[in-house]
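Colleague: My file is my_file24.cif. It has mmCIF, N, CA and C atoms:
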```
data_query
loop_
_atom_site.label_atom_id
_atom_site.label_comp_id
_atom_site.auth_asym_id
_atom_site.auth_seq_id
_atom_site.Cartn_x
_atom_site.Cartn_y
_atom_site.Cartn_z
N MET A 98 -46.64 -29.12 -40.40
CA MET A 98 -45.22 -29.22 -40.64
C MET A 98 -44.61 -27.84 -40.91
N THR A 99 -45.25 -27.00 -41.66
CA THR A 99 -44.73 -25.68 -41.98
C THR A 99 -44.56 -24.81 -40.73
N PRO A 100 -45.53 -24.77 -39.80
CA PRO A 100 -45.32 -23.96 -38.59
C PRO A 100 -44.10 -24.42 -37.79
N LYS A 101 -43.86 -25.72 -37.73
CA LYS A 101 -42.69 -26.21 -36.99
C LYS A 101 -41.40 -25.75 -37.66
N LEU A 102 -41.39 -25.79 -38.98
CA LEU A 102 -40.21 -25.34 -39.71
C LEU A 102 -39.97 -23.85 -39.50
N LEU A 103 -41.02 -23.06 -39.52
CA LEU A 103 -40.90 -21.63 -39.29
C LEU A 103 -40.38 -21.33 -37.89
N ILE A 104 -40.88 -22.06 -36.91
CA ILE A 104 -40.42 -21.87 -35.53
C ILE A 104 -38.94 -22.24 -35.42
N LEU A 105 -38.55 -23.33 -36.03
CA LEU A 105 -37.15 -23.75 -36.01
C LEU A 105 -36.26 -22.69 -36.65
N LEU A 106 -36.67 -22.17 -37.80
CA LEU A 106 -35.90 -21.13 -38.47
C LEU A 106 -35.81 -19.86 -37.64
N PHE A 107 -36.90 -19.52 -36.96
CA PHE A 107 -36.91 -18.34 -36.09
C PHE A 107 -35.88 -18.50 -34.97
N PHE A 108 -35.87 -19.65 -34.31
CA PHE A 108 -34.93 -19.87 -33.21
C PHE A 108 -33.49 -19.92 -33.70
N LEU A 109 -33.27 -20.55 -34.84
CA LEU A 109 -31.92 -20.58 -35.39
C LEU A 109 -31.45 -19.18 -35.77
N GLY A 110 -32.33 -18.40 -36.37
CA GLY A 110 -32.00 -17.02 -36.72
C GLY A 110 -31.69 -16.19 -35.50
N SER A 111 -32.46 -16.35 -34.45
CA SER A 111 -32.22 -15.62 -33.20
C SER A 111 -30.87 -16.01 -32.61
N PHE A 112 -30.56 -17.30 -32.66
CA PHE A 112 -29.29 -17.79 -32.13
C PHE A 112 -28.13 -17.16 -32.88
N PHE A 113 -28.19 -17.13 -34.20
CA PHE A 113 -27.09 -16.56 -34.98
C PHE A 113 -26.97 -15.06 -34.79
N LEU A 114 -28.09 -14.36 -34.63
CA LEU A 114 -28.02 -12.92 -34.37
C LEU A 114 -27.37 -12.64 -33.03
N GLN A 115 -27.71 -13.42 -32.02
CA GLN A 115 -27.11 -13.23 -30.71
C GLN A 115 -25.64 -13.59 -30.74
N ALA A 116 -25.27 -14.59 -31.52
CA ALA A 116 -23.88 -15.00 -31.61
C ALA A 116 -23.03 -13.91 -32.26
N GLN A 117 -23.64 -13.04 -33.05
CA GLN A 117 -22.89 -11.99 -33.74
C GLN A 117 -22.85 -10.68 -32.98
N ASN A 118 -23.39 -10.62 -31.76
CA ASN A 118 -23.37 -9.38 -31.00
C ASN A 118 -21.94 -8.92 -30.79
N LEU A 119 -21.75 -7.62 -30.86
CA LEU A 119 -20.43 -7.05 -30.66
C LEU A 119 -20.02 -7.18 -29.19
N VAL A 120 -18.73 -7.34 -28.98
CA VAL A 120 -18.20 -7.38 -27.63
C VAL A 120 -17.42 -6.09 -27.41
N TRP A 121 -18.01 -5.18 -26.67
CA TRP A 121 -17.38 -3.90 -26.37
C TRP A 121 -16.73 -3.99 -25.00
N LYS A 122 -15.48 -3.62 -24.92
CA LYS A 122 -14.83 -3.41 -23.63
C LYS A 122 -15.35 -2.07 -23.12
N THR A 123 -15.46 -1.95 -21.81
CA THR A 123 -15.89 -0.68 -21.23
C THR A 123 -14.84 -0.13 -20.26
N ASN A 124 -13.77 -0.87 -20.08
CA ASN A 124 -12.68 -0.44 -19.21
C ASN A 124 -11.44 -0.21 -20.08
N MET A 125 -10.93 1.00 -20.00
CA MET A 125 -9.81 1.38 -20.86
C MET A 125 -8.59 0.48 -20.63
N ASN A 126 -8.26 0.20 -19.40
CA ASN A 126 -7.08 -0.61 -19.12
C ASN A 126 -7.20 -2.03 -19.68
N ASP A 127 -8.39 -2.62 -19.57
CA ASP A 127 -8.62 -3.95 -20.14
C ASP A 127 -8.47 -3.93 -21.65
N ALA A 128 -8.99 -2.89 -22.28
CA ALA A 128 -8.91 -2.77 -23.74
C ALA A 128 -7.47 -2.59 -24.20
N ILE A 129 -6.70 -1.78 -23.49
CA ILE A 129 -5.31 -1.56 -23.87
C ILE A 129 -4.52 -2.86 -23.73
N LYS A 130 -4.77 -3.60 -22.67
CA LYS A 130 -4.08 -4.88 -22.48
C LYS A 130 -4.42 -5.84 -23.62
N MET A 131 -5.69 -5.87 -24.01
CA MET A 131 -6.11 -6.74 -25.10
C MET A 131 -5.45 -6.32 -26.42
N CYS A 132 -5.37 -5.02 -26.67
CA CYS A 132 -4.69 -4.51 -27.88
C CYS A 132 -3.24 -4.95 -27.89
N ASP A 133 -2.60 -4.84 -26.75
CA ASP A 133 -1.20 -5.21 -26.63
C ASP A 133 -1.01 -6.71 -26.85
N ASP A 134 -1.89 -7.51 -26.25
CA ASP A 134 -1.80 -8.97 -26.39
C ASP A 134 -2.07 -9.44 -27.81
N GLU A 135 -3.10 -8.87 -28.44
CA GLU A 135 -3.53 -9.32 -29.76
C GLU A 135 -2.92 -8.53 -30.91
N ARG A 136 -2.19 -7.47 -30.58
CA ARG A 136 -1.56 -6.62 -31.59
C ARG A 136 -2.58 -6.10 -32.61
N LYS A 137 -3.67 -5.60 -32.07
CA LYS A 137 -4.72 -5.01 -32.91
C LYS A 137 -4.90 -3.55 -32.50
N PRO A 138 -5.34 -2.71 -33.44
CA PRO A 138 -5.65 -1.32 -33.09
C PRO A 138 -6.93 -1.24 -32.27
N LEU A 139 -7.16 -0.07 -31.74
CA LEU A 139 -8.28 0.19 -30.84
C LEU A 139 -9.28 1.13 -31.50
N LEU A 140 -10.55 0.78 -31.41
CA LEU A 140 -11.62 1.68 -31.83
C LEU A 140 -12.29 2.14 -30.55
N ILE A 141 -12.18 3.43 -30.25
CA ILE A 141 -12.78 3.98 -29.04
C ILE A 141 -14.04 4.73 -29.45
N PHE A 142 -15.16 4.30 -28.91
CA PHE A 142 -16.44 4.94 -29.20
C PHE A 142 -16.84 5.76 -27.98
N PHE A 143 -16.73 7.08 -28.11
CA PHE A 143 -17.14 7.99 -27.04
C PHE A 143 -18.61 8.32 -27.23
N THR A 144 -19.39 8.14 -26.19
CA THR A 144 -20.82 8.41 -26.28
C THR A 144 -21.34 8.86 -24.92
N ALA A 145 -22.60 9.23 -24.87
CA ALA A 145 -23.28 9.61 -23.64
C ALA A 145 -24.78 9.48 -23.88
N SER A 146 -25.53 9.44 -22.81
CA SER A 146 -26.99 9.34 -22.99
C SER A 146 -27.49 10.61 -23.67
N GLY A 147 -28.50 10.43 -24.50
CA GLY A 147 -29.07 11.56 -25.21
C GLY A 147 -28.38 11.90 -26.52
N THR A 148 -27.33 11.17 -26.88
CA THR A 148 -26.65 11.44 -28.14
C THR A 148 -27.29 10.61 -29.26
N SER A 149 -27.00 10.97 -30.47
CA SER A 149 -27.55 10.27 -31.63
C SER A 149 -27.17 8.80 -31.63
N GLN A 150 -28.10 7.97 -32.03
CA GLN A 150 -27.88 6.53 -32.11
C GLN A 150 -27.61 6.07 -33.54
N LYS A 151 -27.49 7.01 -34.48
CA LYS A 151 -27.34 6.63 -35.89
C LYS A 151 -26.14 5.74 -36.14
N ILE A 152 -24.99 6.09 -35.59
CA ILE A 152 -23.79 5.28 -35.85
C ILE A 152 -23.95 3.87 -35.28
N GLN A 153 -24.60 3.77 -34.14
CA GLN A 153 -24.81 2.45 -33.55
C GLN A 153 -25.79 1.62 -34.37
N ASN A 154 -26.86 2.25 -34.80
CA ASN A 154 -27.90 1.53 -35.54
C ASN A 154 -27.53 1.24 -36.99
N GLU A 155 -26.87 2.19 -37.65
CA GLU A 155 -26.61 2.05 -39.08
C GLU A 155 -25.21 1.54 -39.43
N ILE A 156 -24.30 1.55 -38.45
CA ILE A 156 -22.94 1.05 -38.71
C ILE A 156 -22.64 -0.15 -37.81
N PHE A 157 -22.62 0.08 -36.49
CA PHE A 157 -22.19 -0.95 -35.56
C PHE A 157 -23.10 -2.17 -35.52
N ALA A 158 -24.37 -2.00 -35.81
CA ALA A 158 -25.32 -3.12 -35.73
C ALA A 158 -25.38 -3.96 -37.01
N THR A 159 -24.54 -3.66 -37.98
CA THR A 159 -24.60 -4.38 -39.25
C THR A 159 -23.68 -5.60 -39.24
N PRO A 160 -24.05 -6.63 -39.98
CA PRO A 160 -23.17 -7.80 -40.10
C PRO A 160 -21.80 -7.46 -40.67
N ASP A 161 -21.74 -6.50 -41.61
CA ASP A 161 -20.45 -6.09 -42.19
C ASP A 161 -19.51 -5.57 -41.11
N PHE A 162 -20.03 -4.70 -40.25
CA PHE A 162 -19.19 -4.15 -39.18
C PHE A 162 -18.82 -5.23 -38.16
N MET A 163 -19.78 -6.07 -37.83
CA MET A 163 -19.51 -7.13 -36.85
C MET A 163 -18.39 -8.05 -37.34
N ASP A 164 -18.45 -8.44 -38.61
CA ASP A 164 -17.42 -9.31 -39.17
C ASP A 164 -16.07 -8.60 -39.21
N TRP A 165 -16.04 -7.38 -39.73
CA TRP A 165 -14.79 -6.64 -39.86
C TRP A 165 -14.17 -6.37 -38.48
N SER A 166 -14.98 -5.91 -37.54
CA SER A 166 -14.43 -5.54 -36.23
C SER A 166 -13.89 -6.75 -35.47
N SER A 167 -14.56 -7.88 -35.56
CA SER A 167 -14.10 -9.06 -34.82
C SER A 167 -12.74 -9.53 -35.32
N GLU A 168 -12.43 -9.27 -36.56
CA GLU A 168 -11.16 -9.70 -37.15
C GLU A 168 -10.03 -8.68 -37.00
N ASN A 169 -10.39 -7.39 -36.90
CA ASN A 169 -9.39 -6.35 -37.10
C ASN A 169 -9.12 -5.39 -35.95
N ILE A 170 -10.04 -5.22 -35.02
CA ILE A 170 -9.86 -4.19 -34.00
C ILE A 170 -10.39 -4.66 -32.65
N ILE A 171 -10.01 -3.92 -31.62
CA ILE A 171 -10.56 -4.09 -30.28
C ILE A 171 -11.53 -2.93 -30.07
N LEU A 172 -12.72 -3.23 -29.60
CA LEU A 172 -13.75 -2.22 -29.41
C LEU A 172 -13.78 -1.74 -27.96
N LEU A 173 -13.75 -0.43 -27.77
CA LEU A 173 -13.84 0.17 -26.45
C LEU A 173 -14.94 1.22 -26.49
N LYS A 174 -15.94 1.04 -25.66
CA LYS A 174 -17.05 1.99 -25.59
C LYS A 174 -16.96 2.73 -24.26
N LEU A 175 -16.79 4.05 -24.35
CA LEU A 175 -16.72 4.88 -23.16
C LEU A 175 -17.95 5.77 -23.11
N ASP A 176 -18.90 5.39 -22.26
CA ASP A 176 -20.13 6.16 -22.07
C ASP A 176 -19.85 7.16 -20.95
N LEU A 177 -19.71 8.41 -21.32
CA LEU A 177 -19.33 9.44 -20.36
C LEU A 177 -20.46 9.81 -19.41
N SER A 178 -21.65 9.27 -19.63
CA SER A 178 -22.76 9.53 -18.73
C SER A 178 -23.13 8.30 -17.88
N ASP A 179 -22.30 7.26 -17.95
CA ASP A 179 -22.59 6.01 -17.24
C ASP A 179 -22.49 6.21 -15.73
N PRO A 180 -23.62 6.09 -15.00
CA PRO A 180 -23.58 6.29 -13.55
C PRO A 180 -22.96 5.11 -12.78
N SER A 181 -22.74 4.00 -13.46
CA SER A 181 -22.24 2.81 -12.76
C SER A 181 -20.71 2.77 -12.63
N ILE A 182 -20.00 3.69 -13.30
CA ILE A 182 -18.54 3.66 -13.21
C ILE A 182 -18.07 4.58 -12.07
N SER A 183 -16.90 4.29 -11.56
CA SER A 183 -16.35 5.07 -10.46
C SER A 183 -15.98 6.47 -10.93
N SER A 184 -15.88 7.39 -9.99
CA SER A 184 -15.51 8.76 -10.36
C SER A 184 -14.08 8.80 -10.91
N GLU A 185 -13.22 7.93 -10.43
CA GLU A 185 -11.85 7.84 -10.94
C GLU A 185 -11.84 7.40 -12.40
N GLU A 186 -12.64 6.38 -12.71
CA GLU A 186 -12.72 5.89 -14.09
C GLU A 186 -13.36 6.94 -15.00
N LYS A 187 -14.38 7.63 -14.49
CA LYS A 187 -15.03 8.67 -15.28
C LYS A 187 -14.02 9.80 -15.59
N GLU A 188 -13.24 10.18 -14.60
CA GLU A 188 -12.23 11.22 -14.80
C GLU A 188 -11.19 10.78 -15.82
N GLN A 189 -10.78 9.52 -15.75
CA GLN A 189 -9.82 8.96 -16.70
C GLN A 189 -10.39 9.01 -18.12
N ASN A 190 -11.66 8.67 -18.27
CA ASN A 190 -12.30 8.68 -19.59
C ASN A 190 -12.40 10.10 -20.15
N VAL A 191 -12.73 11.06 -19.30
CA VAL A 191 -12.83 12.46 -19.74
C VAL A 191 -11.45 12.98 -20.15
N LYS A 192 -10.42 12.63 -19.39
CA LYS A 192 -9.06 13.06 -19.75
C LYS A 192 -8.64 12.47 -21.10
N LEU A 193 -9.00 11.21 -21.33
CA LEU A 193 -8.68 10.58 -22.61
C LEU A 193 -9.42 11.29 -23.74
N LYS A 194 -10.69 11.59 -23.52
CA LYS A 194 -11.50 12.31 -24.51
C LYS A 194 -10.83 13.63 -24.88
N GLU A 195 -10.40 14.36 -23.89
CA GLU A 195 -9.76 15.66 -24.13
C GLU A 195 -8.41 15.49 -24.83
N ALA A 196 -7.62 14.50 -24.40
CA ALA A 196 -6.30 14.27 -24.98
C ALA A 196 -6.38 13.88 -26.45
N LEU A 197 -7.47 13.19 -26.83
CA LEU A 197 -7.63 12.75 -28.21
C LEU A 197 -8.34 13.78 -29.08
N GLY A 198 -8.73 14.91 -28.50
CA GLY A 198 -9.36 15.98 -29.27
C GLY A 198 -10.79 15.71 -29.66
N ILE A 199 -11.52 15.02 -28.80
CA ILE A 199 -12.93 14.73 -29.07
C ILE A 199 -13.74 15.95 -28.64
N ASP A 200 -14.42 16.58 -29.61
CA ASP A 200 -15.18 17.80 -29.34
C ASP A 200 -16.66 17.53 -29.10
N GLU A 201 -17.21 16.58 -29.83
CA GLU A 201 -18.64 16.33 -29.71
C GLU A 201 -18.90 14.83 -29.64
N LEU A 202 -20.04 14.49 -29.13
CA LEU A 202 -20.43 13.08 -28.99
C LEU A 202 -21.64 12.80 -29.85
N PRO A 203 -21.78 11.61 -30.35
CA PRO A 203 -20.83 10.51 -30.29
C PRO A 203 -19.69 10.72 -31.28
N GLN A 204 -18.57 10.09 -30.99
CA GLN A 204 -17.38 10.21 -31.83
C GLN A 204 -16.56 8.93 -31.72
N VAL A 205 -15.91 8.57 -32.81
CA VAL A 205 -15.06 7.38 -32.85
C VAL A 205 -13.63 7.82 -33.08
N CYS A 206 -12.73 7.25 -32.30
CA CYS A 206 -11.30 7.49 -32.47
C CYS A 206 -10.63 6.15 -32.72
N LEU A 207 -9.82 6.09 -33.75
CA LEU A 207 -9.00 4.91 -34.02
C LEU A 207 -7.60 5.19 -33.50
N ALA A 208 -7.03 4.21 -32.82
CA ALA A 208 -5.74 4.42 -32.17
C ALA A 208 -4.97 3.11 -32.06
N THR A 209 -3.68 3.26 -31.82
CA THR A 209 -2.89 2.09 -31.43
C THR A 209 -2.75 2.18 -29.91
N ALA A 210 -2.64 1.03 -29.28
CA ALA A 210 -2.51 1.00 -27.83
C ALA A 210 -1.55 -0.11 -27.45
N SER A 211 -0.70 0.18 -26.49
CA SER A 211 0.27 -0.82 -26.04
C SER A 211 0.65 -0.54 -24.59
N ILE A 212 1.36 -1.50 -24.04
CA ILE A 212 1.88 -1.36 -22.68
C ILE A 212 3.38 -1.60 -22.75
N ARG A 213 4.15 -0.62 -22.33
CA ARG A 213 5.60 -0.72 -22.30
C ARG A 213 6.07 -0.29 -20.91
N ARG A 214 6.86 -1.16 -20.29
CA ARG A 214 7.36 -0.91 -18.93
C ARG A 214 6.21 -0.61 -17.97
N ASN A 215 5.15 -1.39 -18.11
CA ASN A 215 3.94 -1.27 -17.27
C ASN A 215 3.23 0.07 -17.42
N LYS A 216 3.48 0.78 -18.50
CA LYS A 216 2.83 2.06 -18.74
C LYS A 216 1.99 1.97 -20.03
N PRO A 217 0.67 2.20 -19.91
CA PRO A 217 -0.18 2.15 -21.11
C PRO A 217 0.03 3.38 -21.98
N THR A 218 0.02 3.15 -23.29
CA THR A 218 0.19 4.23 -24.26
C THR A 218 -0.89 4.12 -25.32
N ILE A 219 -1.49 5.24 -25.65
CA ILE A 219 -2.47 5.31 -26.74
C ILE A 219 -2.00 6.36 -27.73
N ASN A 220 -1.92 5.98 -28.99
CA ASN A 220 -1.53 6.90 -30.06
C ASN A 220 -2.68 7.05 -31.04
N LYS A 221 -3.18 8.26 -31.13
CA LYS A 221 -4.31 8.56 -32.01
C LYS A 221 -3.91 8.42 -33.47
N LEU A 222 -4.72 7.67 -34.22
CA LEU A 222 -4.53 7.56 -35.67
C LEU A 222 -5.45 8.50 -36.42
N GLY A 223 -6.68 8.66 -35.90
CA GLY A 223 -7.63 9.54 -36.55
C GLY A 223 -9.02 9.42 -35.96
N LEU A 224 -9.85 10.40 -36.29
CA LEU A 224 -11.24 10.42 -35.85
C LEU A 224 -12.13 10.06 -37.02
N LEU A 225 -13.22 9.41 -36.70
CA LEU A 225 -14.15 8.98 -37.74
C LEU A 225 -15.57 9.24 -37.26
N GLU A 226 -16.29 10.04 -38.00
CA GLU A 226 -17.66 10.39 -37.64
C GLU A 226 -18.65 9.51 -38.38
N TYR A 227 -19.89 9.60 -37.94
CA TYR A 227 -20.97 8.96 -38.69
C TYR A 227 -21.18 9.76 -39.96
N LYS A 228 -21.28 9.04 -41.07
CA LYS A 228 -21.63 9.65 -42.35
C LYS A 228 -22.60 8.73 -43.04
N MET A 229 -23.54 9.31 -43.74
CA MET A 229 -24.48 8.49 -44.49
C MET A 229 -23.70 7.71 -45.55
N GLY A 230 -24.17 6.54 -45.87
CA GLY A 230 -23.50 5.75 -46.89
C GLY A 230 -23.37 4.29 -46.49
N GLY A 231 -23.65 4.00 -45.25
CA GLY A 231 -23.64 2.62 -44.81
C GLY A 231 -22.33 2.14 -44.23
N ALA A 232 -22.38 0.93 -43.72
CA ALA A 232 -21.24 0.34 -43.02
C ALA A 232 -20.04 0.12 -43.93
N LYS A 233 -20.27 -0.32 -45.16
CA LYS A 233 -19.13 -0.61 -46.04
C LYS A 233 -18.30 0.65 -46.31
N LYS A 234 -18.97 1.76 -46.54
CA LYS A 234 -18.26 3.02 -46.78
C LYS A 234 -17.53 3.45 -45.50
N TRP A 235 -18.17 3.31 -44.34
CA TRP A 235 -17.57 3.70 -43.08
C TRP A 235 -16.33 2.83 -42.79
N ILE A 236 -16.45 1.53 -43.03
CA ILE A 236 -15.33 0.62 -42.82
C ILE A 236 -14.17 0.97 -43.77
N SER A 237 -14.50 1.32 -44.99
CA SER A 237 -13.47 1.71 -45.95
C SER A 237 -12.69 2.92 -45.45
N GLU A 238 -13.39 3.90 -44.90
CA GLU A 238 -12.72 5.07 -44.34
C GLU A 238 -11.89 4.71 -43.11
N ALA A 239 -12.39 3.79 -42.30
CA ALA A 239 -11.63 3.34 -41.12
C ALA A 239 -10.34 2.65 -41.56
N LYS A 240 -10.41 1.84 -42.60
CA LYS A 240 -9.22 1.15 -43.10
C LYS A 240 -8.16 2.14 -43.59
N ILE A 241 -8.59 3.22 -44.22
CA ILE A 241 -7.66 4.25 -44.69
C ILE A 241 -6.93 4.87 -43.50
N ILE A 242 -7.65 5.17 -42.44
CA ILE A 242 -7.03 5.73 -41.23
C ILE A 242 -6.08 4.71 -40.61
N LEU A 243 -6.48 3.46 -40.54
CA LEU A 243 -5.64 2.44 -39.92
C LEU A 243 -4.36 2.20 -40.71
N ARG A 244 -4.42 2.37 -42.03
CA ARG A 244 -3.22 2.20 -42.87
C ARG A 244 -2.32 3.43 -42.83
N GLY A 245 -2.83 4.52 -42.27
CA GLY A 245 -2.03 5.73 -42.16
C GLY A 245 -2.02 6.58 -43.41
N GLU A 246 -3.05 6.46 -44.22
CA GLU A 246 -3.11 7.22 -45.48
C GLU A 246 -3.74 8.58 -45.27
#
```
Spit out the file's structure as structure tokens when you get a sec.

Modeller:
Amino acid sequence: MTPKLLILLFFLGSFFLQAQNLVWKTNMNDAIKMCDDERKPLLIFFTASGTSQKIQNEIFATPDFMDWSSENIILLKLDLSDPSISSEEKEQNVKLKEALGIDELPQVCLATASIRRNKPTINKLGLLEYKMGGAKKWISEAKIILRGE
């Protein structure tokens, strides 16, 4: 009886972990439209292969971040080394990176995004780096930026 219970708990745990996976947009235009529709700010995660995974492992992969982000922001992940995106999309992502003042990768930018007269607009609120201290501290700093403090 105990092995069956353990197996059941394992499968239920796996199901709930998969259900909590983050949903990252990878297309800027789709993310901006979603921000405009849902009236939520945008978290843009600029990354590339070979960059540190600390922010992903210690912040983004936590239940605290998953809960907070699903309620409060739209997630956009722009992998500048992704070979599967078109050269036009890659150029658009690099221009956005430069316009937002992203100097090093990985980097997070919090912004507002909207569409007015069929023209997308992104307004930078602030940059947020990985810092030791865990997801709760990182989320607290993100909230300060989002409130405009």

Colleague: For the structure I just gave you, how does DSSP split chain A - specifically, which residues are helix (DSSP H, G or I)? Reply as JSON, numbers by chain.

Modeller: {"A": [99, 100, 101, 102, 103, 104, 105, 106, 107, 108, 109, 110, 111, 112, 113, 114, 115, 116, 125, 126, 127, 128, 129, 130, 131, 132, 133, 134, 135, 151, 152, 153, 154, 155, 156, 157, 160, 161, 162, 163, 164, 165, 166, 167, 168, 169, 184, 185, 186, 187, 188, 189, 190, 191, 192, 193, 194, 195, 196, 232, 233, 234, 235, 236, 237, 238, 239, 240, 241, 242, 243, 244]}

Colleague: A:Ile241, A:Ile152, A:Lys122, A:Ser178: which is nearest Glu226 in chain A, counting all atoms listed in the file?

Modeller: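 Smallest distance to Glu226 in chain A is found for A:Ile152.
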
Colleague: Based on DSSP run over this structure's backbone, return all residues of range 165-209 of chain A in strand (DSSP E or B), as JSON, numbers by chain.

Modeller: {"A": [171, 172, 173, 174, 175, 176, 204, 205, 206, 207, 208, 209]}

Colleague: Measuring atom to atom with only C-alpha atoms, identify which of A:Val191, A:Leu140, A:Ile212, A:Met229 is nearest to Ser166 in chain A.

Modeller: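 Among A:Val191, A:Leu140, A:Ile212, A:Met229, it is A:Leu140 that comes nearest to Ser166 in chain A.
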
Colleague: Please evaluate the PyMOL selection byres ((chain A and resi 202) around 8) against the structure above and give the resulting residues as a PyMOL selection string.

Modeller: chain A and resi 143-145+147-149+199-201+203-205

Colleague: Can you work out which one of A:Asn124, A:Ser146, A:Phe157, A:Ala208 has the shortest atom-to-atom distance to Pro180 in chain A, counting only C-alpha atoms?

Modeller: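 Counting only C-alpha atoms, the residue closest to Pro180 in chain A is A:Ser146.
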
Colleague: Give me, please, the distance in Å between atom C of Ile236 in chain A and CA of Gln189 in chain A, quoted to one decimal.

Modeller: 28.6 Å

Colleague: For each of A:Asn126, A:Ser211, A:Ser183, A:Thr159, take the minimum atom-to-atom distance to Trp235 in chain A, counting only C-alpha atoms, then give the residue where this is smallest.

Modeller: A:Thr159

Colleague: I would like the residues chosen by the PyMOL selection byres ((chain A and resi 220) around 6) on the shown file; could you give them as a list in words?

Modeller: Leu207, Ala208, Thr209, Ala210, Thr218, Ile219, Lys221 and Leu222 of chain A

Colleague: Would you write out, as JSON, numbers by chain, every residue that the PyMOL selection byres (((chain A and resi 233 and name CA) around 10) and name CA) captures in this file?

Modeller: {"A": [156, 159, 161, 162, 165, 230, 231, 232, 234, 235, 236, 237, 238, 239]}

Colleague: Can you measure CA of Glu186 in chain A to CA of Leu243 in chain A for me? One decimal in Å is fine.

Modeller: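 Those two atoms sit 27.0 Å apart.
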
Colleague: Using Å and a single decimal, report how far atom N of Lys216 in chain A sits from atom N of Pro138 in chain A.

Modeller: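 Interatomic distance here is 17.7 Å.
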
Colleague: With distances taken over all atoms listed in the file, which residue among A:Lys240, A:Trp121, A:Gly245, A:Ala158 lies nearest Lys174 in chain A?

Modeller: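 The answer is A:Trp121, which sits nearest to Lys174 in chain A.
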